[in-house]
Number of protein chains: 2
Amino acid sequence: MIKARVTVTLKNGVLDPQGKAIEKSLGALGFGGVGSVRQGKVFDVELDTKDRKKAEADLSAMCEKLLANTVIEDYHVDIL
Amino acid sequence: MIKARVTVTLKNGVLDPQGKAIEKSLGALGFGGVGSVRQGKVFDVELDTKDRKKAEADLSAMCEKLLANTVIEDYHVDIL
């Protein structure tokens, strides 16, 4: 069994209103010096295989097809 | 300026219907051997400080107060 963490983040330059809202809320809560906040997603995936190469290839394909919108998002796969 | 990544994930045992839905969709797309999928959030935060200790303390406080629901979620802070 292989465990992996896939991180999907917005590409630079893509507007992130949710991140902006969090940034303002942190300011309102009294946290000073918060430069910028950008929100993304993580997926913890378990795969029933022992083949790391295949797992990496599968996870990239999953990102391309479902987990990430590659027009506006980047993804990163970490095998744990 | 300190950059940090905060990862918020559901605690073990907490139901994750969104993860389950992704799991099923991956199966429907033809990806076999997907054991489990759990979804979480990441926040990329920039702080205007050079004090790592203070940054870590601030980020933990942000998680406790706003970024995570500590009843059902765990958080992890990485200073990059």
# chains A, B, ... in the order shown; residues from 1 in each chain; ligands from 1
$ closest_atom_pairs --of "chain A" --to "chain B" --cutoff "8 Å" --atoms "only C-alpha atoms" --output "CSV"
residue,atom,partner,partner_atom,distance
A:Thr7,CA,B:Val42,CA,7.9
A:Gly19,CA,B:Phe43,CA,7.9
A:Leu26,CA,B:Met62,CA,7.2
A:Phe31,CA,B:Asp58,CA,7.5
A:Gly33,CA,B:Asp48,CA,4.9
A:Val34,CA,B:Leu47,CA,4.7
A:Gly35,CA,B:Glu46,CA,4.9
A:Ser36,CA,B:Glu46,CA,5.2
A:Val37,CA,B:Val45,CA,4.6
A:Arg38,CA,B:Asp44,CA,5.1
A:Gln39,CA,B:Phe43,CA,4.6
A:Gly40,CA,B:Val42,CA,4.9
A:Lys41,CA,B:Lys41,CA,4.4
A:Val42,CA,B:Gly40,CA,4.9
A:Phe43,CA,B:Gln39,CA,4.6
A:Asp44,CA,B:Arg38,CA,5.1
A:Val45,CA,B:Val37,CA,4.5
A:Glu46,CA,B:Gly35,CA,4.9
A:Leu47,CA,B:Val34,CA,4.7
A:Asp48,CA,B:Gly33,CA,4.9
A:Thr49,CA,B:Gly33,CA,7.1
A:Asp58,CA,B:Phe31,CA,7.5
A:Met62,CA,B:Leu26,CA,7.2
A:Leu66,CA,B:Leu26,CA,7.6
$ write_last_selection --atoms "N, CA, C and O atoms" --output "compact mmCIF listing (two decimals), in the first residue's frame"
# COMPACT_ATOMS: atom_id res chain seq x y z
N THR A 7 -1.06 17.91 -3.50
CA THR A 7 -1.36 19.29 -3.13
C THR A 7 -1.72 20.07 -4.38
O THR A 7 -0.97 20.07 -5.35
N GLY A 19 -8.81 33.29 -0.28
CA GLY A 19 -7.57 33.66 0.43
C GLY A 19 -7.62 35.09 0.92
O GLY A 19 -7.23 35.38 2.05
N LEU A 26 -7.99 37.52 9.33
CA LEU A 26 -6.85 37.42 10.24
C LEU A 26 -6.48 38.81 10.76
O LEU A 26 -6.20 38.97 11.95
N PHE A 31 -4.18 39.75 14.05
CA PHE A 31 -2.89 39.25 13.58
C PHE A 31 -2.28 40.27 12.61
O PHE A 31 -2.78 40.45 11.50
N GLY A 33 0.81 42.01 10.22
CA GLY A 33 1.91 41.56 9.38
C GLY A 33 1.62 40.35 8.52
O GLY A 33 2.54 39.65 8.11
N VAL A 34 0.34 40.11 8.25
CA VAL A 34 0.02 39.01 7.34
C VAL A 34 0.08 39.53 5.91
O VAL A 34 -0.72 40.39 5.53
N GLY A 35 1.07 39.08 5.14
CA GLY A 35 1.29 39.61 3.81
C GLY A 35 0.27 39.12 2.82
O GLY A 35 -0.45 39.90 2.20
N SER A 36 0.18 37.83 2.65
CA SER A 36 -0.81 37.30 1.73
C SER A 36 -1.19 35.89 2.16
O SER A 36 -0.42 35.18 2.78
N VAL A 37 -2.42 35.50 1.83
CA VAL A 37 -2.89 34.14 2.11
C VAL A 37 -3.47 33.59 0.82
O VAL A 37 -4.25 34.28 0.15
N ARG A 38 -3.05 32.39 0.45
CA ARG A 38 -3.65 31.71 -0.70
C ARG A 38 -4.07 30.32 -0.28
O ARG A 38 -3.35 29.62 0.41
N GLN A 39 -5.29 29.97 -0.70
CA GLN A 39 -5.81 28.68 -0.27
C GLN A 39 -5.69 27.62 -1.35
O GLN A 39 -5.83 27.91 -2.54
N GLY A 40 -5.43 26.41 -0.93
CA GLY A 40 -5.38 25.29 -1.86
C GLY A 40 -6.01 24.06 -1.23
O GLY A 40 -6.64 24.15 -0.19
N LYS A 41 -5.83 22.93 -1.90
CA LYS A 41 -6.44 21.69 -1.43
C LYS A 41 -5.38 20.61 -1.28
O LYS A 41 -4.38 20.61 -2.00
N VAL A 42 -5.59 19.68 -0.35
CA VAL A 42 -4.76 18.47 -0.30
C VAL A 42 -5.65 17.25 -0.38
O VAL A 42 -6.79 17.26 0.11
N PHE A 43 -5.11 16.23 -1.02
CA PHE A 43 -5.80 14.94 -1.08
C PHE A 43 -4.83 13.88 -0.56
O PHE A 43 -3.74 13.74 -1.10
N ASP A 44 -5.24 13.18 0.49
CA ASP A 44 -4.44 12.05 0.98
C ASP A 44 -5.01 10.79 0.36
O ASP A 44 -6.15 10.41 0.63
N VAL A 45 -4.22 10.19 -0.50
CA VAL A 45 -4.69 9.05 -1.30
C VAL A 45 -3.93 7.79 -0.91
O VAL A 45 -2.70 7.83 -0.77
N GLU A 46 -4.64 6.69 -0.72
CA GLU A 46 -4.01 5.40 -0.50
C GLU A 46 -4.20 4.55 -1.75
O GLU A 46 -5.32 4.42 -2.25
N LEU A 47 -3.10 3.97 -2.22
CA LEU A 47 -3.17 3.14 -3.43
C LEU A 47 -2.73 1.72 -3.10
O LEU A 47 -1.73 1.52 -2.42
N ASP A 48 -3.51 0.75 -3.58
CA ASP A 48 -3.18 -0.66 -3.32
C ASP A 48 -2.16 -1.16 -4.34
O ASP A 48 -2.50 -1.94 -5.23
N THR A 49 -0.95 -0.69 -4.21
CA THR A 49 0.12 -1.15 -5.10
C THR A 49 1.44 -0.97 -4.37
O THR A 49 1.51 -0.26 -3.36
N ASP A 58 0.02 7.18 -11.98
CA ASP A 58 -1.42 7.18 -11.76
C ASP A 58 -1.89 8.48 -11.10
O ASP A 58 -2.90 9.06 -11.49
N MET A 62 -4.53 11.18 -12.33
CA MET A 62 -5.71 11.56 -11.53
C MET A 62 -5.82 13.08 -11.41
O MET A 62 -6.91 13.65 -11.47
N LEU A 66 -9.05 14.74 -12.82
CA LEU A 66 -10.09 15.02 -11.83
C LEU A 66 -9.69 15.99 -10.73
O LEU A 66 -10.44 16.94 -10.43
$ calpha_fit_and_write --fixed "chain B" --moving "chain A" --output "JSON list (two decimals) with N, CA and C atoms, in the first residue's frame"
[["chain", "number", "residue", "atom", "x", "y", "z"],
["A", 1, "MET", "N", 10.68, 38.48, 5.45],
["A", 1, "MET", "CA", 9.39, 37.85, 5.11],
["A", 1, "MET", "C", 9.50, 36.32, 5.27],
["A", 2, "ILE", "N", 8.56, 35.76, 5.99],
["A", 2, "ILE", "CA", 8.55, 34.31, 6.19],
["A", 2, "ILE", "C", 7.37, 33.71, 5.45],
["A", 3, "LYS", "N", 7.64, 32.66, 4.68],
["A", 3, "LYS", "CA", 6.56, 31.96, 4.00],
["A", 3, "LYS", "C", 6.28, 30.66, 4.74],
["A", 4, "ALA", "N", 5.01, 30.35, 4.91],
["A", 4, "ALA", "CA", 4.65, 29.14, 5.62],
["A", 4, "ALA", "C", 3.51, 28.44, 4.91],
["A", 5, "ARG", "N", 3.47, 27.14, 5.07],
["A", 5, "ARG", "CA", 2.34, 26.38, 4.55],
["A", 5, "ARG", "C", 1.64, 25.70, 5.72],
["A", 6, "VAL", "N", 0.35, 25.98, 5.86],
["A", 6, "VAL", "CA", -0.46, 25.37, 6.90],
["A", 6, "VAL", "C", -1.35, 24.31, 6.25],
["A", 7, "THR", "N", -1.28, 23.10, 6.75],
["A", 7, "THR", "CA", -2.10, 22.02, 6.20],
["A", 7, "THR", "C", -3.15, 21.62, 7.23],
["A", 8, "VAL", "N", -4.40, 21.63, 6.84],
["A", 8, "VAL", "CA", -5.49, 21.27, 7.74],
["A", 8, "VAL", "C", -6.18, 20.03, 7.19],
["A", 9, "THR", "N", -6.19, 18.97, 8.01],
["A", 9, "THR", "CA", -6.81, 17.71, 7.56],
["A", 9, "THR", "C", -7.82, 17.24, 8.59],
["A", 10, "LEU", "N", -8.78, 16.48, 8.14],
["A", 10, "LEU", "CA", -9.77, 15.92, 9.06],
["A", 10, "LEU", "C", -9.10, 14.92, 9.99],
["A", 11, "LYS", "N", -9.52, 14.89, 11.24],
["A", 11, "LYS", "CA", -9.01, 13.91, 12.18],
["A", 11, "LYS", "C", -9.45, 12.51, 11.75],
["A", 12, "ASN", "N", -8.66, 11.51, 12.13],
["A", 12, "ASN", "CA", -9.05, 10.13, 11.86],
["A", 12, "ASN", "C", -10.42, 9.87, 12.49],
["A", 13, "GLY", "N", -11.25, 9.16, 11.74],
["A", 13, "GLY", "CA", -12.55, 8.80, 12.29],
["A", 13, "GLY", "C", -13.65, 9.78, 11.92],
["A", 14, "VAL", "N", -13.27, 10.98, 11.49],
["A", 14, "VAL", "CA", -14.28, 11.95, 11.07],
["A", 14, "VAL", "C", -14.68, 11.64, 9.62],
["A", 15, "LEU", "N", -15.97, 11.52, 9.39],
["A", 15, "LEU", "CA", -16.49, 11.18, 8.07],
["A", 15, "LEU", "C", -16.10, 12.23, 7.04],
["A", 16, "ASP", "N", -15.71, 11.80, 5.85],
["A", 16, "ASP", "CA", -15.30, 12.72, 4.79],
["A", 16, "ASP", "C", -16.07, 12.40, 3.51],
["A", 17, "PRO", "N", -17.30, 12.88, 3.39],
["A", 17, "PRO", "CA", -18.12, 12.54, 2.22],
["A", 17, "PRO", "C", -17.51, 13.06, 0.91],
["A", 18, "GLN", "N", -16.81, 14.20, 0.98],
["A", 18, "GLN", "CA", -16.18, 14.73, -0.22],
["A", 18, "GLN", "C", -15.07, 13.79, -0.71],
["A", 19, "GLY", "N", -14.28, 13.30, 0.24],
["A", 19, "GLY", "CA", -13.24, 12.33, -0.10],
["A", 19, "GLY", "C", -13.84, 11.07, -0.70],
["A", 20, "LYS", "N", -14.94, 10.60, -0.11],
["A", 20, "LYS", "CA", -15.62, 9.38, -0.61],
["A", 20, "LYS", "C", -16.09, 9.59, -2.04],
["A", 21, "ALA", "N", -16.63, 10.78, -2.31],
["A", 21, "ALA", "CA", -17.13, 11.09, -3.65],
["A", 21, "ALA", "C", -15.99, 11.06, -4.67],
["A", 22, "ILE", "N", -14.83, 11.62, -4.27],
["A", 22, "ILE", "CA", -13.67, 11.63, -5.15],
["A", 22, "ILE", "C", -13.20, 10.20, -5.40],
["A", 23, "GLU", "N", -13.19, 9.39, -4.32],
["A", 23, "GLU", "CA", -12.80, 7.98, -4.41],
["A", 23, "GLU", "C", -13.65, 7.25, -5.46],
["A", 24, "LYS", "N", -14.97, 7.46, -5.39],
["A", 24, "LYS", "CA", -15.88, 6.81, -6.35],
["A", 24, "LYS", "C", -15.66, 7.33, -7.75],
["A", 25, "SER", "N", -15.44, 8.64, -7.88],
["A", 25, "SER", "CA", -15.22, 9.22, -9.21],
["A", 25, "SER", "C", -13.96, 8.67, -9.84],
["A", 26, "LEU", "N", -12.91, 8.49, -9.02],
["A", 26, "LEU", "CA", -11.66, 7.94, -9.55],
["A", 26, "LEU", "C", -11.89, 6.52, -10.05],
["A", 27, "GLY", "N", -12.67, 5.75, -9.29],
["A", 27, "GLY", "CA", -13.02, 4.39, -9.72],
["A", 27, "GLY", "C", -13.77, 4.43, -11.04],
["A", 28, "ALA", "N", -14.73, 5.35, -11.14],
["A", 28, "ALA", "CA", -15.54, 5.47, -12.36],
["A", 28, "ALA", "C", -14.69, 5.89, -13.55],
["A", 29, "LEU", "N", -13.60, 6.61, -13.29],
["A", 29, "LEU", "CA", -12.70, 7.05, -14.37],
["A", 29, "LEU", "C", -11.71, 5.95, -14.77],
["A", 30, "GLY", "N", -11.78, 4.81, -14.08],
["A", 30, "GLY", "CA", -10.94, 3.68, -14.46],
["A", 30, "GLY", "C", -9.67, 3.51, -13.64],
["A", 31, "PHE", "N", -9.51, 4.32, -12.59],
["A", 31, "PHE", "CA", -8.34, 4.15, -11.74],
["A", 31, "PHE", "C", -8.62, 3.04, -10.72],
["A", 32, "GLY", "N", -7.95, 1.91, -10.88],
["A", 32, "GLY", "CA", -8.17, 0.79, -9.96],
["A", 32, "GLY", "C", -7.28, 0.93, -8.73],
["A", 33, "GLY", "N", -7.63, 0.20, -7.68],
["A", 33, "GLY", "CA", -6.74, 0.12, -6.52],
["A", 33, "GLY", "C", -6.64, 1.37, -5.69],
["A", 34, "VAL", "N", -7.64, 2.23, -5.78],
["A", 34, "VAL", "CA", -7.63, 3.42, -4.92],
["A", 34, "VAL", "C", -8.26, 3.04, -3.58],
["A", 35, "GLY", "N", -7.43, 3.01, -2.53],
["A", 35, "GLY", "CA", -7.89, 2.55, -1.23],
["A", 35, "GLY", "C", -8.79, 3.55, -0.54],
["A", 36, "SER", "N", -8.27, 4.73, -0.31],
["A", 36, "SER", "CA", -9.09, 5.75, 0.33],
["A", 36, "SER", "C", -8.59, 7.13, -0.08],
["A", 37, "VAL", "N", -9.50, 8.09, -0.10],
["A", 37, "VAL", "CA", -9.14, 9.47, -0.39],
["A", 37, "VAL", "C", -9.72, 10.34, 0.71],
["A", 38, "ARG", "N", -8.89, 11.21, 1.28],
["A", 38, "ARG", "CA", -9.39, 12.18, 2.26],
["A", 38, "ARG", "C", -8.93, 13.56, 1.85],
["A", 39, "GLN", "N", -9.87, 14.49, 1.92],
["A", 39, "GLN", "CA", -9.55, 15.83, 1.46],
["A", 39, "GLN", "C", -9.25, 16.78, 2.61],
["A", 40, "GLY", "N", -8.31, 17.67, 2.38],
["A", 40, "GLY", "CA", -7.99, 18.69, 3.36],
["A", 40, "GLY", "C", -7.72, 20.02, 2.68],
["A", 41, "LYS", "N", -7.21, 20.96, 3.46],
["A", 41, "LYS", "CA", -6.96, 22.30, 2.93],
["A", 41, "LYS", "C", -5.52, 22.71, 3.18],
["A", 42, "VAL", "N", -4.97, 23.54, 2.30],
["A", 42, "VAL", "CA", -3.68, 24.18, 2.59],
["A", 42, "VAL", "C", -3.84, 25.69, 2.50],
["A", 43, "PHE", "N", -3.08, 26.36, 3.34],
["A", 43, "PHE", "CA", -3.03, 27.81, 3.31],
["A", 43, "PHE", "C", -1.56, 28.22, 3.17],
["A", 44, "ASP", "N", -1.25, 28.95, 2.10],
["A", 44, "ASP", "CA", 0.10, 29.49, 1.96],
["A", 44, "ASP", "C", 0.07, 30.92, 2.49],
["A", 45, "VAL", "N", 0.78, 31.12, 3.58],
["A", 45, "VAL", "CA", 0.71, 32.40, 4.29],
["A", 45, "VAL", "C", 2.07, 33.08, 4.24],
["A", 46, "GLU", "N", 2.08, 34.37, 3.93],
["A", 46, "GLU", "CA", 3.30, 35.17, 4.02],
["A", 46, "GLU", "C", 3.20, 36.10, 5.21],
["A", 47, "LEU", "N", 4.25, 36.10, 6.03],
["A", 47, "LEU", "CA", 4.25, 36.94, 7.22],
["A", 47, "LEU", "C", 5.40, 37.93, 7.15],
["A", 48, "ASP", "N", 5.10, 39.20, 7.45],
["A", 48, "ASP", "CA", 6.14, 40.24, 7.42],
["A", 48, "ASP", "C", 6.93, 40.25, 8.72],
["A", 49, "THR", "N", 7.73, 39.24, 8.91],
["A", 49, "THR", "CA", 8.58, 39.18, 10.10],
["A", 49, "THR", "C", 9.79, 38.32, 9.77],
["A", 50, "LYS", "N", 10.84, 38.41, 10.57],
["A", 50, "LYS", "CA", 11.99, 37.53, 10.35],
["A", 50, "LYS", "C", 12.14, 36.56, 11.50],
["A", 51, "ASP", "N", 11.26, 36.69, 12.49],
["A", 51, "ASP", "CA", 11.36, 35.90, 13.71],
["A", 51, "ASP", "C", 10.58, 34.58, 13.54],
["A", 52, "ARG", "N", 11.32, 33.49, 13.28],
["A", 52, "ARG", "CA", 10.66, 32.20, 13.01],
["A", 52, "ARG", "C", 9.81, 31.73, 14.19],
["A", 53, "LYS", "N", 10.34, 31.90, 15.41],
["A", 53, "LYS", "CA", 9.62, 31.45, 16.61],
["A", 53, "LYS", "C", 8.26, 32.15, 16.70],
["A", 54, "LYS", "N", 8.30, 33.50, 16.50],
["A", 54, "LYS", "CA", 7.07, 34.28, 16.58],
["A", 54, "LYS", "C", 6.11, 33.86, 15.45],
["A", 55, "ALA", "N", 6.67, 33.63, 14.27],
["A", 55, "ALA", "CA", 5.85, 33.23, 13.13],
["A", 55, "ALA", "C", 5.14, 31.91, 13.44],
["A", 56, "GLU", "N", 5.89, 30.96, 14.01],
["A", 56, "GLU", "CA", 5.29, 29.66, 14.33],
["A", 56, "GLU", "C", 4.17, 29.80, 15.36],
["A", 57, "ALA", "N", 4.44, 30.63, 16.39],
["A", 57, "ALA", "CA", 3.44, 30.85, 17.44],
["A", 57, "ALA", "C", 2.20, 31.51, 16.85],
["A", 58, "ASP", "N", 2.42, 32.53, 15.99],
["A", 58, "ASP", "CA", 1.30, 33.23, 15.36],
["A", 58, "ASP", "C", 0.47, 32.28, 14.50],
["A", 59, "LEU", "N", 1.17, 31.46, 13.71],
["A", 59, "LEU", "CA", 0.46, 30.56, 12.80],
["A", 59, "LEU", "C", -0.37, 29.53, 13.58],
["A", 60, "SER", "N", 0.18, 29.04, 14.69],
["A", 60, "SER", "CA", -0.60, 28.11, 15.51],
["A", 60, "SER", "C", -1.84, 28.80, 16.05],
["A", 61, "ALA", "N", -1.67, 30.05, 16.50],
["A", 61, "ALA", "CA", -2.82, 30.80, 17.01],
["A", 61, "ALA", "C", -3.86, 31.03, 15.92],
["A", 62, "MET", "N", -3.38, 31.33, 14.70],
["A", 62, "MET", "CA", -4.31, 31.52, 13.57],
["A", 62, "MET", "C", -5.12, 30.24, 13.30],
["A", 63, "CYS", "N", -4.43, 29.10, 13.41],
["A", 63, "CYS", "CA", -5.12, 27.82, 13.19],
["A", 63, "CYS", "C", -6.18, 27.60, 14.26],
["A", 64, "GLU", "N", -5.80, 27.86, 15.52],
["A", 64, "GLU", "CA", -6.74, 27.64, 16.62],
["A", 64, "GLU", "C", -7.96, 28.53, 16.50],
["A", 65, "LYS", "N", -7.73, 29.78, 16.02],
["A", 65, "LYS", "CA", -8.81, 30.76, 16.02],
["A", 65, "LYS", "C", -9.63, 30.76, 14.74],
["A", 66, "LEU", "N", -8.99, 30.50, 13.58],
["A", 66, "LEU", "CA", -9.69, 30.68, 12.32],
["A", 66, "LEU", "C", -9.52, 29.56, 11.31],
["A", 67, "LEU", "N", -8.27, 29.14, 11.09],
["A", 67, "LEU", "CA", -8.02, 28.28, 9.92],
["A", 67, "LEU", "C", -8.52, 26.86, 10.09],
["A", 68, "ALA", "N", -8.52, 26.36, 11.32],
["A", 68, "ALA", "CA", -8.93, 24.97, 11.53],
["A", 68, "ALA", "C", -10.06, 24.91, 12.56],
["A", 69, "ASN", "N", -10.91, 23.94, 12.38],
["A", 69, "ASN", "CA", -11.89, 23.61, 13.41],
["A", 69, "ASN", "C", -11.31, 22.46, 14.22],
["A", 70, "THR", "N", -10.71, 22.79, 15.37],
["A", 70, "THR", "CA", -9.91, 21.78, 16.07],
["A", 70, "THR", "C", -10.73, 20.66, 16.70],
["A", 71, "VAL", "N", -12.05, 20.80, 16.66],
["A", 71, "VAL", "CA", -12.88, 19.69, 17.13],
["A", 71, "VAL", "C", -12.77, 18.50, 16.16],
["A", 72, "ILE", "N", -12.76, 18.81, 14.88],
["A", 72, "ILE", "CA", -12.73, 17.73, 13.88],
["A", 72, "ILE", "C", -11.50, 17.75, 12.98],
["A", 73, "GLU", "N", -10.66, 18.78, 13.12],
["A", 73, "GLU", "CA", -9.51, 18.88, 12.21],
["A", 73, "GLU", "C", -8.18, 18.99, 12.94],
["A", 74, "ASP", "N", -7.15, 18.43, 12.32],
["A", 74, "ASP", "CA", -5.77, 18.61, 12.77],
["A", 74, "ASP", "C", -5.10, 19.64, 11.87],
["A", 75, "TYR", "N", -4.11, 20.34, 12.41],
["A", 75, "TYR", "CA", -3.35, 21.25, 11.54],
["A", 75, "TYR", "C", -1.86, 21.03, 11.73],
["A", 76, "HIS", "N", -1.13, 21.40, 10.67],
["A", 76, "HIS", "CA", 0.32, 21.26, 10.70],
["A", 76, "HIS", "C", 0.93, 22.49, 10.05],
["A", 77, "VAL", "N", 1.90, 23.10, 10.72],
["A", 77, "VAL", "CA", 2.53, 24.31, 10.21],
["A", 77, "VAL", "C", 3.94, 24.00, 9.73],
["A", 78, "ASP", "N", 4.24, 24.32, 8.47],
["A", 78, "ASP", "CA", 5.60, 24.21, 7.94],
["A", 78, "ASP", "C", 6.10, 25.59, 7.57],
["A", 79, "ILE", "N", 7.21, 26.00, 8.19],
["A", 79, "ILE", "CA", 7.87, 27.23, 7.76],
["A", 79, "ILE", "C", 8.76, 26.87, 6.56],
["A", 80, "LEU", "N", 8.58, 27.57, 5.44],
["A", 80, "LEU", "CA", 9.31, 27.17, 4.21],
["A", 80, "LEU", "C", 10.68, 27.86, 4.12]]
$ select_by_dssp --residues "chain B" --states "alpha helix (DSSP H)" --output "number ranges by chain"
B: 17-28, 52-62
$ write_last_selection --atoms "N, CA, C and O atoms" --output "CSV table (one decimal), in the first residue's frame"
chain,number,residue,atom,x,y,z
B,17,PRO,N,-17.3,12.9,3.4
B,17,PRO,CA,-18.1,12.5,2.2
B,17,PRO,C,-17.5,13.0,0.9
B,17,PRO,O,-17.6,12.4,-0.1
B,18,GLN,N,-16.8,14.2,1.0
B,18,GLN,CA,-16.2,14.7,-0.2
B,18,GLN,C,-15.1,13.8,-0.7
B,18,GLN,O,-15.0,13.5,-1.9
B,19,GLY,N,-14.3,13.3,0.2
B,19,GLY,CA,-13.2,12.3,-0.1
B,19,GLY,C,-13.8,11.1,-0.7
B,19,GLY,O,-13.3,10.5,-1.7
B,20,LYS,N,-14.9,10.6,-0.1
B,20,LYS,CA,-15.6,9.4,-0.6
B,20,LYS,C,-16.1,9.6,-2.0
B,20,LYS,O,-16.0,8.7,-2.9
B,21,ALA,N,-16.6,10.8,-2.3
B,21,ALA,CA,-17.1,11.1,-3.6
B,21,ALA,C,-16.0,11.1,-4.7
B,21,ALA,O,-16.1,10.5,-5.8
B,22,ILE,N,-14.8,11.6,-4.3
B,22,ILE,CA,-13.7,11.6,-5.2
B,22,ILE,C,-13.2,10.2,-5.4
B,22,ILE,O,-12.9,9.8,-6.5
B,23,GLU,N,-13.2,9.4,-4.3
B,23,GLU,CA,-12.8,8.0,-4.4
B,23,GLU,C,-13.7,7.3,-5.5
B,23,GLU,O,-13.1,6.6,-6.4
B,24,LYS,N,-15.0,7.5,-5.4
B,24,LYS,CA,-15.9,6.8,-6.3
B,24,LYS,C,-15.7,7.3,-7.8
B,24,LYS,O,-15.7,6.6,-8.7
B,25,SER,N,-15.4,8.6,-7.9
B,25,SER,CA,-15.2,9.2,-9.2
B,25,SER,C,-14.0,8.7,-9.8
B,25,SER,O,-13.9,8.4,-11.1
B,26,LEU,N,-12.9,8.5,-9.0
B,26,LEU,CA,-11.7,7.9,-9.6
B,26,LEU,C,-11.9,6.5,-10.1
B,26,LEU,O,-11.4,6.1,-11.1
B,27,GLY,N,-12.7,5.8,-9.3
B,27,GLY,CA,-13.0,4.4,-9.7
B,27,GLY,C,-13.8,4.4,-11.1
B,27,GLY,O,-13.5,3.7,-12.0
B,28,ALA,N,-14.7,5.3,-11.2
B,28,ALA,CA,-15.5,5.5,-12.4
B,28,ALA,C,-14.7,5.9,-13.6
B,28,ALA,O,-15.0,5.6,-14.7
B,52,ARG,N,11.3,33.5,13.3
B,52,ARG,CA,10.7,32.2,13.0
B,52,ARG,C,9.8,31.7,14.2
B,52,ARG,O,8.7,31.2,14.0
B,53,LYS,N,10.3,31.9,15.4
B,53,LYS,CA,9.6,31.5,16.6
B,53,LYS,C,8.3,32.2,16.7
B,53,LYS,O,7.2,31.6,16.9
B,54,LYS,N,8.3,33.5,16.5
B,54,LYS,CA,7.1,34.3,16.6
B,54,LYS,C,6.1,33.9,15.5
B,54,LYS,O,4.9,33.7,15.7
B,55,ALA,N,6.7,33.7,14.3
B,55,ALA,CA,5.8,33.2,13.1
B,55,ALA,C,5.1,31.9,13.4
B,55,ALA,O,3.9,31.8,13.2
B,56,GLU,N,5.9,31.0,14.0
B,56,GLU,CA,5.3,29.7,14.3
B,56,GLU,C,4.2,29.8,15.4
B,56,GLU,O,3.1,29.2,15.2
B,57,ALA,N,4.4,30.6,16.4
B,57,ALA,CA,3.4,30.9,17.4
B,57,ALA,C,2.2,31.5,16.8
B,57,ALA,O,1.1,31.1,17.1
B,58,ASP,N,2.4,32.5,16.0
B,58,ASP,CA,1.3,33.3,15.4
B,58,ASP,C,0.5,32.3,14.5
B,58,ASP,O,-0.8,32.3,14.5
B,59,LEU,N,1.2,31.5,13.7
B,59,LEU,CA,0.5,30.6,12.8
B,59,LEU,C,-0.4,29.5,13.6
B,59,LEU,O,-1.5,29.2,13.2
B,60,SER,N,0.2,29.0,14.7
B,60,SER,CA,-0.6,28.1,15.5
B,60,SER,C,-1.8,28.8,16.1
B,60,SER,O,-2.9,28.2,16.1
B,61,ALA,N,-1.7,30.0,16.5
B,61,ALA,CA,-2.8,30.8,17.0
B,61,ALA,C,-3.9,31.0,15.9
B,61,ALA,O,-5.1,30.9,16.2
B,62,MET,N,-3.4,31.3,14.7
B,62,MET,CA,-4.3,31.5,13.6
B,62,MET,C,-5.1,30.2,13.3
B,62,MET,O,-6.3,30.3,13.0
$ select_by_dssp --residues "chain A" --states "strand (DSSP E)" --output "VMD selection string"
chain A and resid 2 to 10 34 to 47 73 to 79
